[in-house]
Amino acid sequence: MSRWPLRLSRRKFLRNTAFGATAAAGFLHAPAILRAQSATAKIGVLHPVSGALSYSGQQGRLGATMAIDDINAAGGIKALGGAKIDPMLGDAQSTPDGGNAEVEKMNAAGVCAIVGGYASAICLAASQTAARYDLPYVVDVGVVDSIVTRGLKNTFRFGPGFGVIAKTALDNLVAINDQAGKPAKTAMIVHEDSAFGAGLAKLLNAQLPDRGFQVLETIAHPTPTREFENVVLKIKAQNPDLVIPANYYNEYVLLARTMQQQRVRPKGIYSVLGGAASSYKFVKEFPEAAQYIMDCNHWFDPKNPKALDLKKRVEDKRQFYTYEVYMNYSCILLLADAIERASSTDRAKITDALARSTFSGHVMPYGPTKFIDGQNQGAAPVNTQVLGNDIQVILPAQFASAKPVFPIPPA
Amino acid sequence: MLSPVILVPAVINGLMAGAVYALVALGLTLIYGVLHIINFAHGALLTAAMFAAFFAFTLLSIDPYLAAIVLTPLFFGVGYAMQRFIIGPAAHGEDRSFLLVTLGLAVVIENTLLYFFRADTRTINLPYAFDVIEIGPAFVAVPRVIAFAAVIAVAIGLWTFMRWTDTGKAIRAVAKEKLGAELCGINVAHISAVTFGVGTACVAIAACLLIPSYYVNPTAGEAFVLIAFTIVVLGGMGSIAGALLGGLCVGVVESVSSIFLGQSLGQIGIFIMFIAVLLARPGGLFGARL
């Protein structure tokens, strides 16, 4: 093996980069195979733990490492003679390029699969890079539908995508409104102006009128924005029944607090993948501003003891039990199950095992796991509402822990 | 859309925001008026001061308004030292060199902040940040009212200082006629550094007033400095009253135009006004007639 660098001359390496890269990859693979035999399964755990998305990235990493610790404490991968999972932690630095660079490093280090990405843009880039090496990639959150519609055989998304979430959100909104005697007829959308917020606003603008809601105005704002007074003044002037925010955590909190400050109380605040709407951090820090906010988002199964035990352990670490934590926890368990069934750290065998997965040991309120073109068909969002100092599931009925309070009672 | 329910609060919000713009512009206009330096490091210094106020609160639990008492003299010292030991000696009195030296300092300061604190956007939460005072139909946030009052006080203080104290008189003398001032026994290098220090101290106060309701990251100051440059030109180069009035005008125009054009495009209004004023009065509102 030590003769390799001698045989691979620098000139030849430079003349043909593709050949050079393949050869280098092959060279770097070698120790990984040796390591696999020494009873560990090396996996890549990729999150944006620095930069604009660092909070979410760190939460995701927390969930993933807790799952790995649990699996290792319970005896590792039994089909591999109790092989321990050896995580290689990567920082995508909140950019797609950062994600790509980490995937290259992980591939070179010989991981057998990668979990993570968090943001849609990072997931899109990282899974594509991983596909070049036939490296199985489990998307933890990334909701953009194109992540699973590009025909990549290596990419699997355990959680729901944008299309399903938006449809569920609108169905549930109609259901909640009908149940209350249709008090809401008008809505205003406040969205951040990048792909996520603008995409959602466009979709809502197209679909809300068909479902009997008039959109009075759609207001875009950049991220970050540090004052919402003028936005709230406009809401005050239009006086809509519903305010629908689509923005990230900081702006969401600021909008809700400014509405509270300016005493603007619509009949409901209803968000789809709301940046802060179903965050324990928001509810704990600003309970009054968060009160009665409804959201259609990722959530754990409140009736699953495993999910509640995880919640307690996360809170014991003085961390918030956010969706990044339990989604990553579930994704690692999903992958470990696939490695177990593949009885191998071979990438192709794991990909195959993931594609045929019917894994049920997760903590999410999903239907039976079944992957079609990499998308878990059982994945679904739920509707939550901030009630008192807690966040309750209000829909679907089989997972609900409370009934919706709508319209918001007068102060 | 022109209902007073929106318009009155929008104008009041604009005045409050404009006051802080004015304070940043005050520092800039002072440095320009006396030293004829277009200080490109102004924004970076504002960012540095915001970080200082941020960490004073998060690490030492010092309220930003109290932190101003410490940070103002501290940044005066920083500004004094920068002019006395870096900008002055490095520029050799040439305007072109001033430009490059301050630009270089801005790059160094911003990247040092980036290296140590990364690109993360940070905010602080003060218990009273969302308390409001009712002014007519408007609910105005307490930090904005405090900022407005503080800026007016600082502007009056600065005007008094320039008008009545010996140092103020010396600064004005240096601004008018450098050689003459030197012949009268004024230490020009010292007075120049004092001026730069006072300008930088203004920035430190502005940072402490901003941090309760704004965010900080290594490029946070830039947004203000672009507006501050506009205000300086609008109000007339070197004019304290011009900077104050220009700042308030810009704040109101920005606030009202963001109501009509949307959050992302609100600043268009500022530049339309800017061009209009320069066409009518090329020297600015309070500047010398050209």
# chains A, B, ... in the order shown; residues from 1 in each chain; ligands from 1

call {"tool": "interface_residues", "arguments": {"of": "chain A", "to": "chain B", "cutoff": "9 Å", "atoms": "only C-alpha atoms", "output": "ChimeraX atom specification"}}
result
/A:50-54,193,219-222,224-231,233-234,236-237,257-258,260-263

call {"tool": "write_last_selection", "arguments": {"atoms": "C-alpha atoms", "output": "compact mmCIF listing (two decimals), in the first residue's frame"}}
result
# COMPACT_ATOMS: atom_id res chain seq x y z
CA SER A 50 -22.02 27.16 12.31
CA GLY A 51 -23.38 30.14 10.37
CA ALA A 52 -26.96 31.36 10.04
CA LEU A 53 -28.56 27.97 10.71
CA SER A 54 -26.25 27.00 13.56
CA ASP A 193 -38.29 36.64 0.61
CA ILE A 219 -46.00 41.18 2.62
CA ALA A 220 -42.42 40.13 1.89
CA HIS A 221 -39.47 40.98 4.13
CA PRO A 222 -35.77 40.11 4.00
CA PRO A 224 -32.73 39.19 8.85
CA THR A 225 -35.25 41.92 9.60
CA ARG A 226 -35.13 43.63 12.95
CA GLU A 227 -38.31 45.65 12.98
CA PHE A 228 -41.82 44.68 12.13
CA GLU A 229 -43.63 47.81 13.24
CA ASN A 230 -44.58 48.84 9.73
CA VAL A 231 -45.64 45.32 8.79
CA LEU A 233 -49.26 48.61 11.11
CA LYS A 234 -50.36 47.27 7.75
CA LYS A 236 -53.72 46.58 11.78
CA ALA A 237 -55.08 48.65 8.90
CA ARG A 257 -44.00 40.02 19.73
CA THR A 258 -44.60 43.17 17.69
CA GLN A 260 -48.60 41.65 20.82
CA GLN A 261 -46.93 45.02 21.46
CA GLN A 262 -49.14 46.86 18.96
CA ARG A 263 -52.20 45.03 20.33

call {"tool": "closest_atom_pairs", "arguments": {"of": "stretch 102-185 of chain B", "to": "stretch 39-54 of chain B", "cutoff": "10 Å", "atoms": "only C-alpha atoms", "output": "tab-separated table"}}
result
residue	atom	partner	partner_atom	distance
B:Thr102	CA	B:Ala41	CA	5.2
B:Leu103	CA	B:Phe40	CA	5.1
B:Gly104	CA	B:Ala41	CA	7.9
B:Leu105	CA	B:Ala41	CA	5.9
B:Ala106	CA	B:Ala41	CA	4.3
B:Val107	CA	B:Ala44	CA	7.9
B:Val108	CA	B:Ala44	CA	8.9
B:Ile109	CA	B:Ala44	CA	6.1
B:Glu110	CA	B:Ala44	CA	5.7
B:Asn111	CA	B:Ala44	CA	9.5
B:Thr112	CA	B:Ala48	CA	9.7
B:Leu113	CA	B:Ala48	CA	7.3
B:Phe117	CA	B:Phe51	CA	9.1
B:Arg122	CA	B:Phe54	CA	8.2
B:Thr123	CA	B:Phe54	CA	7.7
B:Ile124	CA	B:Phe54	CA	7.0

call {"tool": "write_last_selection", "arguments": {"atoms": "C-alpha atoms", "output": "short mmCIF file (atom, residue, chain, number, x, y, z; two decimals), in the first residue's frame"}}
result
data_model
loop_
_atom_site.label_atom_id
_atom_site.label_comp_id
_atom_site.auth_asym_id
_atom_site.auth_seq_id
_atom_site.Cartn_x
_atom_site.Cartn_y
_atom_site.Cartn_z
CA THR B 102 -9.62 54.14 6.71
CA LEU B 103 -10.80 51.59 4.17
CA GLY B 104 -7.95 49.32 5.21
CA LEU B 105 -8.84 49.76 8.87
CA ALA B 106 -12.46 48.85 8.08
CA VAL B 107 -11.34 45.62 6.43
CA VAL B 108 -9.08 44.76 9.35
CA ILE B 109 -11.73 45.49 12.01
CA GLU B 110 -14.54 43.64 10.21
CA ASN B 111 -12.44 40.57 9.54
CA THR B 112 -11.10 40.48 13.07
CA LEU B 113 -14.70 40.48 14.29
CA PHE B 117 -17.33 35.88 16.45
CA ARG B 122 -26.85 37.85 17.54
CA THR B 123 -29.54 39.67 19.47
CA ILE B 124 -30.23 40.45 23.08
#

call {"tool": "residues_around", "arguments": {"residues": "B:Asn187", "least_positions_apart": "5", "cutoff": "12 Å", "atoms": "only C-alpha atoms", "output": "list of chain:residue names"}}
result
B:Arg84, B:Thr167, B:Ala170, B:Ile171, B:Ala173, B:Val174, B:Lys178, B:Leu179, B:Gly180, B:Ala181, B:Glu182, B:Ser192, B:Ala193, B:Val194

call {"tool": "residues_around", "arguments": {"residues": "stretch 58-66 of chain A", "least_positions_apart": "4", "cutoff": "9 Å", "atoms": "only C-alpha atoms", "output": "number ranges by chain"}}
result
A: 45-50, 53-54, 70-71, 87, 89, 115-116, 118, 140, 310, 314, 319-333

call {"tool": "write_last_selection", "arguments": {"atoms": "N, CA and C atoms", "output": "mmCIF file, in the first residue's frame"}}
result
data_model
loop_
_atom_site.group_PDB
_atom_site.id
_atom_site.type_symbol
_atom_site.label_atom_id
_atom_site.label_comp_id
_atom_site.auth_asym_id
_atom_site.auth_seq_id
_atom_site.Cartn_x
_atom_site.Cartn_y
_atom_site.Cartn_z
ATOM 1 N N VAL A 45 -22.396 12.271 9.858
ATOM 2 C CA VAL A 45 -23.495 13.020 10.463
ATOM 3 C C VAL A 45 -23.272 14.493 10.110
ATOM 4 N N LEU A 46 -24.070 14.976 9.156
ATOM 5 C CA LEU A 46 -23.811 16.290 8.555
ATOM 6 C C LEU A 46 -24.860 17.314 8.988
ATOM 7 N N HIS A 47 -24.404 18.418 9.596
ATOM 8 C CA HIS A 47 -25.342 19.488 9.982
ATOM 9 C C HIS A 47 -24.684 20.854 9.839
ATOM 10 N N PRO A 48 -25.498 21.894 9.652
ATOM 11 C CA PRO A 48 -24.930 23.253 9.622
ATOM 12 C C PRO A 48 -24.739 23.767 11.048
ATOM 13 N N VAL A 49 -23.671 23.370 11.712
ATOM 14 C CA VAL A 49 -23.524 23.750 13.115
ATOM 15 C C VAL A 49 -22.870 25.123 13.305
ATOM 16 N N SER A 50 -22.457 25.770 12.202
ATOM 17 C CA SER A 50 -22.020 27.160 12.312
ATOM 18 C C SER A 50 -22.740 27.963 11.233
ATOM 19 N N LEU A 53 -27.649 29.021 10.273
ATOM 20 C CA LEU A 53 -28.564 27.969 10.713
ATOM 21 C C LEU A 53 -27.991 27.186 11.887
ATOM 22 N N SER A 54 -27.008 27.775 12.577
ATOM 23 C CA SER A 54 -26.246 27.002 13.559
ATOM 24 C C SER A 54 -27.114 26.429 14.673
ATOM 25 N N ASP A 70 -27.420 5.714 22.080
ATOM 26 C CA ASP A 70 -28.411 4.720 22.507
ATOM 27 C C ASP A 70 -28.156 3.375 21.842
ATOM 28 N N ILE A 71 -27.895 3.422 20.515
ATOM 29 C CA ILE A 71 -27.680 2.174 19.770
ATOM 30 C C ILE A 71 -26.416 1.475 20.286
ATOM 31 N N PRO A 87 -19.603 7.763 14.549
ATOM 32 C CA PRO A 87 -20.049 8.918 13.755
ATOM 33 C C PRO A 87 -18.884 9.809 13.337
ATOM 34 N N LEU A 89 -18.614 13.540 12.477
ATOM 35 C CA LEU A 89 -19.442 14.743 12.527
ATOM 36 C C LEU A 89 -18.931 15.772 11.519
ATOM 37 N N VAL A 115 -26.225 10.902 7.199
ATOM 38 C CA VAL A 115 -27.526 11.384 7.659
ATOM 39 C C VAL A 115 -27.408 12.887 7.870
ATOM 40 N N GLY A 116 -28.439 13.660 7.467
ATOM 41 C CA GLY A 116 -28.473 15.076 7.844
ATOM 42 C C GLY A 116 -28.654 16.024 6.684
ATOM 43 N N TYR A 118 -30.182 19.177 7.036
ATOM 44 C CA TYR A 118 -31.122 20.150 7.587
ATOM 45 C C TYR A 118 -31.791 21.036 6.528
ATOM 46 N N ASP A 140 -32.532 14.520 6.781
ATOM 47 C CA ASP A 140 -33.186 14.611 8.096
ATOM 48 C C ASP A 140 -34.410 15.520 8.078
ATOM 49 N N LEU A 310 -37.353 10.410 25.330
ATOM 50 C CA LEU A 310 -36.317 11.211 24.662
ATOM 51 C C LEU A 310 -36.478 12.685 25.043
ATOM 52 N N VAL A 314 -33.631 14.976 26.726
ATOM 53 C CA VAL A 314 -33.138 16.207 26.087
ATOM 54 C C VAL A 314 -33.293 17.380 27.052
ATOM 55 N N GLN A 319 -31.637 21.328 27.122
ATOM 56 C CA GLN A 319 -31.832 21.703 25.721
ATOM 57 C C GLN A 319 -33.322 21.685 25.415
ATOM 58 N N PHE A 320 -33.713 22.371 24.337
ATOM 59 C CA PHE A 320 -35.107 22.349 23.934
ATOM 60 C C PHE A 320 -35.352 21.166 22.997
ATOM 61 N N TYR A 321 -36.542 20.546 23.143
ATOM 62 C CA TYR A 321 -36.897 19.370 22.354
ATOM 63 C C TYR A 321 -37.498 19.842 21.037
ATOM 64 N N THR A 322 -36.648 20.280 20.131
ATOM 65 C CA THR A 322 -37.135 20.830 18.864
ATOM 66 C C THR A 322 -37.191 19.727 17.811
ATOM 67 N N TYR A 323 -37.875 20.032 16.691
ATOM 68 C CA TYR A 323 -38.084 18.987 15.683
ATOM 69 C C TYR A 323 -36.780 18.442 15.113
ATOM 70 N N GLU A 324 -35.723 19.284 15.074
ATOM 71 C CA GLU A 324 -34.454 18.792 14.547
ATOM 72 C C GLU A 324 -33.968 17.602 15.371
ATOM 73 N N VAL A 325 -34.208 17.652 16.686
ATOM 74 C CA VAL A 325 -33.705 16.605 17.581
ATOM 75 C C VAL A 325 -34.384 15.278 17.273
ATOM 76 N N TYR A 326 -35.723 15.254 17.323
ATOM 77 C CA TYR A 326 -36.362 13.941 17.160
ATOM 78 C C TYR A 326 -36.360 13.452 15.722
ATOM 79 N N MET A 327 -36.281 14.354 14.756
ATOM 80 C CA MET A 327 -36.201 13.884 13.367
ATOM 81 C C MET A 327 -34.852 13.235 13.100
ATOM 82 N N ASN A 328 -33.782 13.824 13.619
ATOM 83 C CA ASN A 328 -32.471 13.216 13.436
ATOM 84 C C ASN A 328 -32.347 11.924 14.227
ATOM 85 N N TYR A 329 -32.936 11.928 15.412
ATOM 86 C CA TYR A 329 -32.919 10.712 16.235
ATOM 87 C C TYR A 329 -33.552 9.573 15.436
ATOM 88 N N SER A 330 -34.723 9.850 14.838
ATOM 89 C CA SER A 330 -35.434 8.829 14.071
ATOM 90 C C SER A 330 -34.649 8.400 12.838
ATOM 91 N N CYS A 331 -34.015 9.361 12.166
ATOM 92 C CA CYS A 331 -33.277 9.031 10.939
ATOM 93 C C CYS A 331 -32.090 8.114 11.226
ATOM 94 N N ILE A 332 -31.406 8.351 12.343
ATOM 95 C CA ILE A 332 -30.275 7.485 12.705
ATOM 96 C C ILE A 332 -30.782 6.078 13.015
ATOM 97 N N LEU A 333 -31.907 5.981 13.731
ATOM 98 C CA LEU A 333 -32.464 4.660 14.036
ATOM 99 C C LEU A 333 -32.849 3.943 12.741
#

call {"tool": "select_by_dssp", "arguments": {"residues": "stretch 166-298 of chain A", "states": "strand (DSSP E)", "output": "PyMOL selection string"}}
result
chain A and resi 186-192+214-221+242-246+268-272+294-297

call {"tool": "residues_around", "arguments": {"residues": "B:Pro89", "least_positions_apart": "3", "cutoff": "12 Å", "atoms": "only C-alpha atoms", "output": "PyMOL selection string"}}
result
chain B and resi 81-86+92-94+97-98+101+189+192-193

call {"tool": "closest_residue", "arguments": {"among": "A:Gly117, A:Pro381, A:Gly98, A:Gly110", "to": "A:Asp134", "atoms": "only C-alpha atoms"}}
result
A:Gly110

call {"tool": "closest_residue", "arguments": {"among": "B:Ile191, B:Leu210, B:Leu126, B:Ile240", "to": "B:Val145", "atoms": "only C-alpha atoms"}}
result
B:Leu210

call {"tool": "closest_residue", "arguments": {"among": "B:Ile133, B:Ile38, B:Ala204, B:Ala153", "to": "B:Val78", "atoms": "only C-alpha atoms"}}
result
B:Ala204

call {"tool": "select_by_dssp", "arguments": {"residues": "stretch 246-386 of chain A", "states": "helix (DSSP H, G or I)", "output": "PyMOL selection string"}}
result
chain A and resi 249-261+280-285+287-290+305-316+323-342+347-355

call {"tool": "closest_residue", "arguments": {"among": "A:Ala79, A:Leu208, A:Val253, A:Leu273", "to": "A:Phe286", "atoms": "only C-alpha atoms"}}
result
A:Val253
